[in-house]
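Trainee: Below are the structure tokens for one structure; questions will follow.
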Amino acid sequence: MHNRTILSLLVPAGRKCQAVLDARVRDIRSKFVQTDELWTFVHTKEDHLYNDDLAEWGDACTWVALDADTKLIISHLVAKRNGPSALEFFTDLSKRPAGRLQVTSDGFKPYIGAMEELFGADVDFAQVIKICGKPDNAGPDWYGPPKVIETVPTPVSGKPDFAHICTSHVERSNLNFRMHLRRFTRLVNAFGKKLDNLKVAVALYVARYNLCRAHQTLRVTPAMESEITNHVWELPELLTANAEARAA
């Protein structure tokens, strides 16, 4: 089947999945939420852009909020990595839990203002500050990810439990994104050319991950563990579900 035909099916399927997620991932009884941003790019890398290129080109981050216990992706956003995106991301996250949260993020500073504005005193918030450097065997022409030398748990507001100041689960989720979505594979000739196509691809992945795929550790789907549904969804059910009703 031609790739344009596949893309023409991807858009309505992804939009349907986003509608299902928006309607059904609500009133989540979560205690510990971890957030992170997963980098990719649209059309052209940021360093290679010209002044007259489209605003949607360049860096594109997928912001993810993951329940550390149920592994449910509670909220996600595909946008630039900046303050307005942090505010938009936490605006969506703030509408989904049913009680007080402990939220842990990386050290990205705009998180602090967004958390203060959206949650105020009704959250226990901490950041994991990472101190990075080159690997010990890095030569003068070394190219690759930095080595994490130290992580510093840093309470920001409320009374976060130090035992749960962690981003390990959401960082493991980042690997799942990169393994299942070709647009996120590093150091290969694979990337999204349109922001809208990237958004619907991510929505389709998140919906399948939450509702259709049993988690290896849980033995059920994250949605079942979160009591959003009581069964593993098949893809036809996902693509034909009533987005306005709570899942059975």
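The chains in the structure tokens are called A, B, ... from first to last as shown; in each chain the residues are counted from 1, and the ligands are counted from 1 in the order shown.
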Might you pull out every residue within 9 Å of range 38-41 of chain A, with only C-alpha atoms counted and same-chain residues fewer than 6 positions away left off, and present them as a list of chain:residue names?
Mentor: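 Selected residues are A:Trp57, A:Gly58, A:Asp59, A:Ala60, A:Cys61, A:Thr62, A:Trp63, A:Val64, A:Arg81, A:Glu171, A:Asn174, A:Phe177, A:Arg183, A:Phe184, A:Thr185, A:Arg186, A:Phe191, A:Gly192, A:Lys193, A:Leu195.
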Trainee: Store the residues of this selection in a file with C-alpha atoms, as a PDB file, in the first residue's frame.
Mentor:
ATOM      1  CA  TRP A  57       9.691  22.880  11.706  1.00  0.00           C
ATOM      2  CA  GLY A  58      12.632  22.157  13.937  1.00  0.00           C
ATOM      3  CA  ASP A  59      12.635  20.764  17.466  1.00  0.00           C
ATOM      4  CA  ALA A  60       9.484  18.986  18.603  1.00  0.00           C
ATOM      5  CA  CYS A  61       9.213  17.521  22.089  1.00  0.00           C
ATOM      6  CA  THR A  62       6.656  15.008  23.295  1.00  0.00           C
ATOM      7  CA  TRP A  63       5.810  15.899  26.880  1.00  0.00           C
ATOM      8  CA  VAL A  64       4.710  12.827  28.860  1.00  0.00           C
ATOM      9  CA  ARG A  81      10.266  22.788  24.775  1.00  0.00           C
ATOM     10  CA  GLU A 171      12.483   7.654  31.086  1.00  0.00           C
ATOM     11  CA  ASN A 174      10.808   7.133  26.391  1.00  0.00           C
ATOM     12  CA  PHE A 177       8.397   5.558  22.176  1.00  0.00           C
ATOM     13  CA  ARG A 183       9.920   9.150  13.901  1.00  0.00           C
ATOM     14  CA  PHE A 184      11.756   8.985  17.245  1.00  0.00           C
ATOM     15  CA  THR A 185      14.598   6.679  16.212  1.00  0.00           C
ATOM     16  CA  ARG A 186      17.915   8.471  16.663  1.00  0.00           C
ATOM     17  CA  PHE A 191      11.675  11.839  10.953  1.00  0.00           C
ATOM     18  CA  GLY A 192       8.270  13.493  10.645  1.00  0.00           C
ATOM     19  CA  LYS A 193       7.755  16.035   7.891  1.00  0.00           C
ATOM     20  CA  LEU A 195       3.729  18.444  12.844  1.00  0.00           C
TER      21      LEU A 195
END
Trainee: Hey, what's within 10 Å of range 69-77 of chain A if we count only C-alpha atoms and toss same-chain stuff fewer than 4 positions away? As a ChimeraX atom specification, please?
Mentor: /A:18,21-22,25-26,28-37,60-65,85-86,88-97,169-170,173,199,202-203,206-207,209-211,215,217-218,220-227
Trainee: Assign secondary structure with DSSP using the backbone only, and return the residues of range 169-239 of chain A in alpha helix (DSSP H) as a PyMOL selection string.
Mentor: chain A and resi 169-180+195-211+222-225+235-239
Trainee: Here is a test: counting only C-alpha atoms, which residue of A:Val200, A:Pro153, A:His231, A:Glu237 is nearest to Ser8 in chain A?
Mentor: A:Val200
Trainee: I need the residues of range 5-107 of chain A that end up classed as strand (DSSP E or B) by DSSP on the backbone, written out as an NGL selection string.
Mentor: :A and (28 or 32-42 or 58-67 or 73-79 or 97 or 101-106)
